[in-house]
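Undergrad: Structure supplied as upload31.txt; contents: compact mmCIF, C-alpha atoms.
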```txt
# COMPACT_ATOMS: atom_id res chain seq x y z
CA MET A 10 -167.45 68.65 -104.34
CA GLN A 11 -167.55 66.37 -101.29
CA ALA A 12 -171.24 65.73 -101.90
CA CYS A 13 -170.34 64.64 -105.44
CA THR A 14 -167.71 62.16 -104.18
CA ALA A 15 -170.10 60.89 -101.48
CA GLY A 16 -172.78 60.42 -104.16
CA LEU A 17 -170.33 58.38 -106.21
CA LYS A 18 -169.50 56.16 -103.23
CA LEU A 19 -173.21 55.66 -102.52
CA ARG A 20 -173.79 54.62 -106.11
CA LEU A 21 -170.85 52.21 -105.97
CA LEU A 22 -172.51 50.60 -102.94
CA ALA A 23 -175.77 50.31 -104.90
CA GLY A 24 -173.99 48.07 -107.44
CA PRO A 25 -173.82 44.92 -105.27
CA LEU A 26 -177.45 45.47 -104.21
CA LEU A 27 -178.54 45.63 -107.84
CA PHE A 28 -176.64 42.42 -108.52
CA LEU A 29 -178.21 40.68 -105.52
CA PHE A 30 -181.80 41.67 -106.22
CA LEU A 31 -181.92 41.91 -110.01
CA LEU A 32 -179.06 40.30 -111.94
CA ALA A 33 -178.56 37.20 -109.74
CA PRO A 34 -182.31 36.30 -109.72
CA ALA A 35 -182.41 36.94 -113.49
CA LEU A 36 -179.50 34.51 -114.03
CA LEU A 37 -181.16 31.92 -111.77
CA MET A 38 -184.40 32.24 -113.75
CA ILE A 39 -182.53 31.95 -117.07
CA PHE A 40 -180.67 28.77 -116.13
CA LEU A 41 -183.02 27.08 -113.64
CA TYR A 42 -186.59 28.32 -114.13
CA ALA A 43 -186.98 28.76 -117.89
CA PRO A 44 -187.48 25.45 -119.72
CA ALA A 45 -185.16 24.41 -122.55
CA GLU A 46 -186.60 25.04 -126.00
CA SER A 47 -187.54 21.86 -127.91
CA THR A 48 -185.90 22.69 -131.30
CA MET A 49 -182.76 24.61 -130.37
CA GLY A 50 -182.18 23.21 -126.89
CA GLU A 51 -179.90 25.02 -124.44
CA VAL A 52 -178.53 27.47 -127.04
CA GLN A 53 -181.93 29.21 -127.09
CA ARG A 54 -181.05 30.64 -123.64
CA ILE A 55 -178.81 33.15 -125.48
CA LEU A 56 -182.11 34.93 -126.21
CA TYR A 57 -182.43 35.98 -122.55
CA ILE A 58 -179.30 38.07 -122.84
CA HIS A 59 -179.51 39.03 -126.52
CA VAL A 60 -182.97 40.63 -126.33
CA PRO A 61 -182.38 42.61 -123.09
CA VAL A 62 -179.07 44.08 -124.32
CA ALA A 63 -180.78 44.97 -127.60
CA TRP A 64 -183.51 46.81 -125.63
CA CYS A 65 -180.78 48.58 -123.65
CA SER A 66 -178.93 49.69 -126.80
CA LEU A 67 -182.14 51.07 -128.36
CA SER A 68 -183.09 52.87 -125.12
CA ALA A 69 -179.56 54.28 -124.87
CA CYS A 70 -179.72 55.57 -128.45
CA LEU A 71 -183.07 57.24 -127.71
CA ALA A 72 -181.65 58.74 -124.50
CA MET A 73 -178.59 59.98 -126.42
CA GLY A 74 -180.80 61.75 -128.98
CA VAL A 75 -183.26 63.17 -126.44
CA CYS A 76 -180.46 64.51 -124.20
CA GLY A 77 -178.72 65.94 -127.26
CA SER A 78 -181.86 67.81 -128.31
CA ILE A 79 -182.36 69.12 -124.74
CA TYR A 80 -178.75 70.35 -124.84
CA LEU A 81 -179.47 72.29 -128.03
CA VAL A 82 -182.48 73.94 -126.35
CA ARG A 83 -181.02 74.63 -122.89
CA ASP A 84 -177.30 74.95 -123.72
CA SER A 85 -176.33 73.19 -120.47
CA LEU A 86 -173.37 70.77 -120.53
CA VAL A 87 -175.16 68.47 -118.06
CA TRP A 88 -177.30 67.23 -120.96
CA ASP A 89 -174.20 66.64 -123.05
CA HIS A 90 -172.83 64.48 -120.21
CA TRP A 91 -176.06 62.48 -120.17
CA SER A 92 -175.85 62.10 -123.95
CA GLN A 93 -172.24 60.90 -123.85
CA ALA A 94 -172.87 58.50 -120.95
CA ALA A 95 -175.88 57.01 -122.77
CA ALA A 96 -173.84 56.65 -125.97
CA GLU A 97 -171.03 54.77 -124.20
CA VAL A 98 -173.43 52.35 -122.50
CA GLY A 99 -175.37 52.03 -125.76
CA TRP A 100 -172.20 51.16 -127.64
CA LEU A 101 -171.39 48.43 -125.09
CA CYS A 102 -174.92 47.02 -125.37
CA SER A 103 -175.03 47.12 -129.17
CA THR A 104 -171.64 45.36 -129.29
CA LEU A 105 -173.07 42.65 -127.03
CA THR A 106 -176.25 42.49 -129.14
CA LEU A 107 -174.22 41.84 -132.28
CA ALA A 108 -171.88 39.34 -130.58
CA THR A 109 -174.59 37.28 -128.85
CA GLY A 110 -176.81 37.46 -131.94
CA SER A 111 -173.96 36.16 -134.05
CA LEU A 112 -173.40 33.22 -131.68
CA TRP A 113 -177.13 32.43 -131.82
CA ALA A 114 -177.25 32.79 -135.63
CA ARG A 115 -174.39 30.31 -136.07
CA GLN A 116 -176.51 27.66 -134.32
CA ALA A 117 -179.89 28.65 -135.78
CA TRP A 118 -179.04 29.61 -139.38
CA GLY A 119 -175.60 28.03 -139.77
CA VAL A 120 -173.89 31.39 -140.46
CA TRP A 121 -172.25 33.99 -138.20
CA TRP A 122 -173.65 36.91 -140.15
CA THR A 123 -176.15 37.63 -142.90
CA TRP A 124 -177.09 40.97 -144.48
CA GLU A 125 -180.61 40.73 -143.14
CA PRO A 126 -182.60 44.00 -142.51
CA ARG A 127 -182.60 43.85 -138.71
CA LEU A 128 -178.97 42.76 -138.45
CA THR A 129 -177.87 45.43 -140.90
CA SER A 130 -179.82 48.19 -139.12
CA THR A 131 -178.32 47.05 -135.78
CA LEU A 132 -174.83 47.22 -137.31
CA ILE A 133 -175.70 50.76 -138.48
CA LEU A 134 -176.64 51.60 -134.86
CA TRP A 135 -173.22 50.35 -133.70
CA LEU A 136 -171.58 52.51 -136.39
CA ILE A 137 -173.67 55.51 -135.27
CA PHE A 138 -172.31 55.13 -131.72
CA MET A 139 -168.77 54.83 -133.08
CA GLY A 140 -169.29 57.88 -135.30
CA PHE A 141 -170.52 59.85 -132.28
CA PHE A 142 -167.25 59.09 -130.43
CA VAL A 143 -165.02 59.77 -133.44
CA ILE A 144 -166.66 63.16 -134.15
CA ARG A 145 -166.43 64.20 -130.49
CA ALA A 146 -162.81 63.06 -130.17
CA GLY A 147 -161.81 65.45 -132.93
CA LEU A 148 -163.23 68.56 -131.23
CA GLU A 149 -161.53 70.27 -128.29
CA ASP A 150 -163.99 73.04 -127.44
CA PRO A 151 -166.61 71.45 -125.08
CA ARG A 152 -169.49 73.62 -126.37
CA ARG A 153 -168.74 72.92 -130.02
CA ARG A 154 -168.25 69.22 -129.26
CA ALA A 155 -171.58 69.11 -127.44
CA ARG A 156 -173.43 70.96 -130.23
CA ILE A 157 -172.11 68.83 -133.09
CA GLY A 158 -172.51 65.65 -130.99
CA ALA A 159 -176.13 66.60 -130.26
CA VAL A 160 -176.94 67.08 -133.95
CA PHE A 161 -175.28 63.74 -134.79
CA ALA A 162 -177.18 62.02 -131.94
CA MET A 163 -180.50 63.40 -133.19
CA VAL A 164 -179.81 62.10 -136.69
CA GLY A 165 -178.71 58.74 -135.22
CA VAL A 166 -182.03 58.28 -133.43
CA ALA A 167 -183.69 57.81 -136.84
CA ASP A 168 -182.17 54.29 -136.87
CA VAL A 169 -184.20 53.19 -133.81
CA PRO A 170 -187.62 52.92 -135.55
CA LEU A 171 -185.83 51.33 -138.51
CA ILE A 172 -184.46 48.54 -136.27
CA PHE A 173 -187.79 48.14 -134.52
CA LEU A 174 -189.82 47.92 -137.74
CA ALA A 175 -187.21 46.15 -139.91
CA THR A 176 -188.82 42.75 -139.38
CA ARG A 177 -192.26 44.15 -140.25
CA TRP A 178 -191.38 46.34 -143.22
CA PHE A 179 -188.88 44.05 -144.93
CA ARG A 180 -188.85 40.31 -145.43
CA GLY A 181 -186.01 38.85 -143.37
CA VAL A 182 -185.06 35.77 -141.39
CA HIS A 183 -184.89 37.41 -137.96
CA PRO A 184 -187.60 36.00 -135.62
CA VAL A 185 -190.52 38.31 -134.72
CA THR A 186 -192.18 37.69 -131.30
CA PRO A 187 -192.28 33.87 -131.51
CA GLU A 188 -194.76 31.78 -129.48
CA MET A 189 -193.28 31.18 -126.01
CA ASP A 190 -193.93 29.16 -122.90
CA PRO A 191 -195.28 31.51 -120.12
CA ARG A 192 -192.17 30.71 -118.00
CA MET A 193 -189.91 31.71 -120.89
CA ARG A 194 -191.87 34.95 -121.37
CA LEU A 195 -191.66 35.77 -117.65
CA THR A 196 -187.91 35.06 -117.62
CA LEU A 197 -187.36 37.25 -120.67
CA LEU A 198 -189.39 40.08 -119.12
CA PHE A 199 -187.57 39.86 -115.78
CA ALA A 200 -184.15 39.70 -117.48
CA GLY A 201 -185.14 42.65 -119.66
CA VAL A 202 -186.17 44.81 -116.70
CA SER A 203 -183.05 43.78 -114.73
CA PHE A 204 -180.67 44.64 -117.56
CA VAL A 205 -182.37 47.95 -118.33
CA VAL A 206 -182.19 48.99 -114.64
CA PHE A 207 -178.56 47.81 -114.39
CA PHE A 208 -177.39 49.68 -117.50
CA ALA A 209 -179.38 52.78 -116.49
CA PHE A 210 -177.44 52.67 -113.21
CA VAL A 211 -174.14 52.37 -115.12
CA THR A 212 -175.20 55.39 -117.23
CA VAL A 213 -175.82 57.43 -114.06
CA LEU A 214 -172.36 56.44 -112.75
CA ARG A 215 -170.68 57.46 -115.97
CA LYS A 216 -172.56 60.77 -116.13
CA GLN A 217 -171.46 61.51 -112.55
CA GLN A 218 -167.89 60.77 -113.59
CA LEU A 219 -168.07 63.08 -116.60
CA GLU A 220 -169.21 65.86 -114.27
CA LEU A 221 -166.23 65.18 -112.03
CA ALA A 222 -163.93 65.36 -115.07
CA GLU A 223 -165.42 68.71 -116.04
CA GLU A 224 -164.95 69.96 -112.48
CA CYS A 225 -161.26 68.94 -112.66
CA ALA A 226 -160.86 70.71 -116.03
CA CYS A 227 -162.41 73.84 -114.51
CA MET A 228 -160.02 73.69 -111.53
CA GLU A 229 -157.07 73.15 -113.88
CA SER A 230 -157.95 76.32 -115.79
CA GLN A 231 -158.18 78.17 -112.45
CA THR A 232 -154.66 77.07 -111.48
CA ILE A 233 -153.31 78.19 -114.88
CA PHE A 234 -155.09 81.56 -114.44
CA GLN A 235 -153.59 82.00 -110.96
CA ARG A 236 -150.07 81.43 -112.24
CA MET B 20 -173.87 24.51 -125.29
CA SER B 21 -170.43 26.07 -125.87
CA SER B 22 -172.08 28.96 -127.75
CA LEU B 23 -174.30 29.57 -124.74
CA LEU B 24 -171.30 29.66 -122.41
CA ILE B 25 -169.32 31.92 -124.75
CA ALA B 26 -172.27 34.34 -125.02
CA TYR B 27 -172.67 34.69 -121.25
CA LEU B 28 -168.92 34.83 -120.58
CA LEU B 29 -168.53 37.47 -123.27
CA ALA B 30 -171.32 39.59 -121.77
CA TRP B 31 -169.81 39.22 -118.30
CA ALA B 32 -166.27 40.01 -119.48
CA ALA B 33 -167.29 43.06 -121.54
CA THR B 34 -169.45 44.51 -118.76
CA SER B 35 -166.76 43.84 -116.14
CA ALA B 36 -164.12 45.48 -118.33
CA PHE B 37 -166.33 48.55 -118.75
CA LEU B 38 -167.02 48.75 -115.00
CA GLY B 39 -163.30 48.24 -114.25
CA TRP B 40 -162.41 51.08 -116.64
CA LEU B 41 -165.03 53.27 -114.90
CA ALA B 42 -163.54 52.48 -111.48
CA LEU B 43 -159.99 53.27 -112.68
CA GLN B 44 -161.09 56.56 -114.25
CA ASN B 45 -162.91 57.40 -111.05
CA LYS B 46 -159.84 56.77 -108.92
CA ARG B 47 -157.68 58.88 -111.22
CA LEU B 48 -160.19 61.77 -111.26
CA VAL B 49 -160.69 61.80 -107.48
CA SER B 50 -156.92 61.94 -106.84
CA ARG B 51 -156.49 64.64 -109.52
CA GLN B 52 -159.28 66.66 -107.91
CA GLU B 53 -157.55 66.40 -104.51
CA GLU B 54 -154.22 67.46 -106.02
CA LEU B 55 -155.82 70.47 -107.77
CA ARG B 56 -157.66 71.48 -104.61
CA ARG B 57 -154.36 71.48 -102.67
CA MET B 58 -152.66 73.45 -105.44
CA LEU B 59 -155.44 76.08 -105.48
CA ALA B 60 -155.37 76.40 -101.69
CA LYS B 61 -151.58 76.90 -101.77
CA ASN B 62 -151.92 79.58 -104.47
CA ASP B 63 -154.65 81.34 -102.47
CA ASN B 64 -152.38 81.41 -99.41
CA ALA B 65 -149.48 82.82 -101.44
CA ASN B 66 -151.73 85.47 -103.06
CA SER B 67 -153.11 86.63 -99.70
CA PHE B 68 -149.54 86.77 -98.27
CA TYR B 69 -148.33 89.04 -101.08
CA ALA B 70 -151.51 91.14 -100.87
CA ASP B 71 -150.90 91.66 -97.13
CA ALA B 72 -147.24 92.49 -97.76
CA ALA B 73 -148.20 95.07 -100.36
```
As structure tokens - that is how I would like this structure written.
TA:
Amino acid sequence: MQACTAGLKLRLLAGPLLFLFLLAPALLMIFLYAPAESTMGEVQRILYIHVPVAWCSLSACLAMGVCGSIYLVRDSLVWDHWSQAAAEVGWLCSTLTLATGSLWARQAWGVWWTWEPRLTSTLILWLIFMGFFVIRAGLEDPRRRARIGAVFAMVGVADVPLIFLATRWFRGVHPVTPEMDPRMRLTLLFAGVSFVVFFAFVTVLRKQQLELAEECACMESQTIFQR
Amino acid sequence: MSSLLIAYLLAWAATSAFLGWLALQNKRLVSRQEELRRMLAKNDNANSFYADAA
């Protein structure tokens, strides 16, 4: 129990270090190193946050599905905690993907939203995360909640290849790997790695917290039993 | 330019809110765990007292 709390404190200390060595340099590269794009100007810099959070939301959805399927095989609630933590972080990232994409679209296409294949499939991903939470919230038994959540997560993963291939399979207006200055490419790559590491860290924190919550629930049932 | 600022501020605010919520939950859970641990220890003491008395 004490080791768990100490682990949490250690991870909280790791936060400022991550900011110092990954997020702060990424922000400096975005605003100082990467050149402004000739057509769109400064607004193009939204891309350096939009693409990384989109990667994070797709990775989180994959993690949610994989952990869900491992839960179904091993029947250990640890995997359900991983699945839930990934879903929460994925929901945050897909919300940011939609919001930043909408701000970019307003400048690039003149509209906030269009029913374009990639945008629609990303909205479906956001709805999948929401559905995962709604289904789980309605179930009290942890095992049943984990089992149904795992099945839902595995079905939800089917949207990931759809988002990835939407620009190739269907004709849409969303850009597909445009030509970039090497400095822009490097900035995007660094920002991508930084955001993925940061959100993976947040997922670990949340998973640790879910374990603590389960430990408390277990202790609560012990106190009731003792009475 | 304002869209750029809004996008980055939004990302910062949403992530900060999520991290703040995590920190609050954490604080609540750690204090609840302490409280339950004390309660269990008290019950154990009472149980062993009555067992000895019996």
Undergrad: Show me a table, sorted first by chain and then by increasing residue number, of the residues of chain B having an atom at most 6 Å from chain A, each with its shortest atom pair and the distance in Å to one decimal, counting all atoms listed in the file and written as CSV.
TA:
```
residue,atom,partner,partner_atom,distance
B:Met20,CA,A:Val52,CA,5.8
B:Ser22,CA,A:Leu112,CA,5.9
B:Leu23,CA,A:Val52,CA,5.3
B:Ala26,CA,A:Thr109,CA,5.4
B:Gln52,CA,A:Cys225,CA,5.6
```
Undergrad: CA of Val75 in chain A and CA of Pro151 in chain A, how far apart in Å?
TA: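 Between these atoms lies a distance of 18.6 Å.
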Undergrad: By how many Å are CA of Thr48 in chain A and CA of Ser21 in chain B apart?
TA: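 Taking CA of Thr48 in chain A as the start and CA of Ser21 in chain B as the end point, the length is 16.7 Å.
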Undergrad: Do you know which residues are at most 9 Å from range 87-96 of chain A counting all atoms listed in the file, after dropping those on the same chain fewer than 2 positions away, and could you put them as a VMD selection string?
TA: chain A and resid 66 68 to 81 83 to 85 98 to 101 138 to 139 141 to 142 154 to 156 158 to 159 162 209 211 to 217 219 to 220
Undergrad: Return the padded bounding box of range 60-65 of chain B as JSON: axis-aligned, built from all atoms listed in the file, 3 Å added on each side, with centre and edge lengths in Å to one decimal.
TA:
```
{"center_x": -152.4, "center_y": 79.6, "center_z": -101.9, "size_x": 11.9, "size_y": 12.4, "size_z": 11.1}
```
Undergrad: For a test of reading the model, state the distance in Å between CA of Ala200 in chain A and CA of Ala35 in chain A, rounded to one decimal.
TA: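 Computing the Euclidean distance for CA of Ala200 in chain A and CA of Ala35 in chain A yields 5.2 Å.
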Undergrad: Tell me which of A:Ala63, A:Pro34, A:Thr196, A:Val160 sits closest to Val82 in chain A, counting only C-alpha atoms.
TA: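 Nearest candidate to Val82 in chain A out of A:Ala63, A:Pro34, A:Thr196, A:Val160: A:Val160.
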Undergrad: Restricting the calculation to only C-alpha atoms: of A:Trp118, A:Ala45, A:Leu148, A:Leu107, which residue gets closest to Leu136 in chain A?
TA: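 Nearest candidate to Leu136 in chain A out of A:Trp118, A:Ala45, A:Leu148, A:Leu107: A:Leu107.
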Undergrad: Ranking A:Cys227, A:Met38, A:Gly119, A:Glu46 by minimum distance to Leu59 in chain B and counting all atoms listed in the file, which one comes first?
TA: A:Cys227
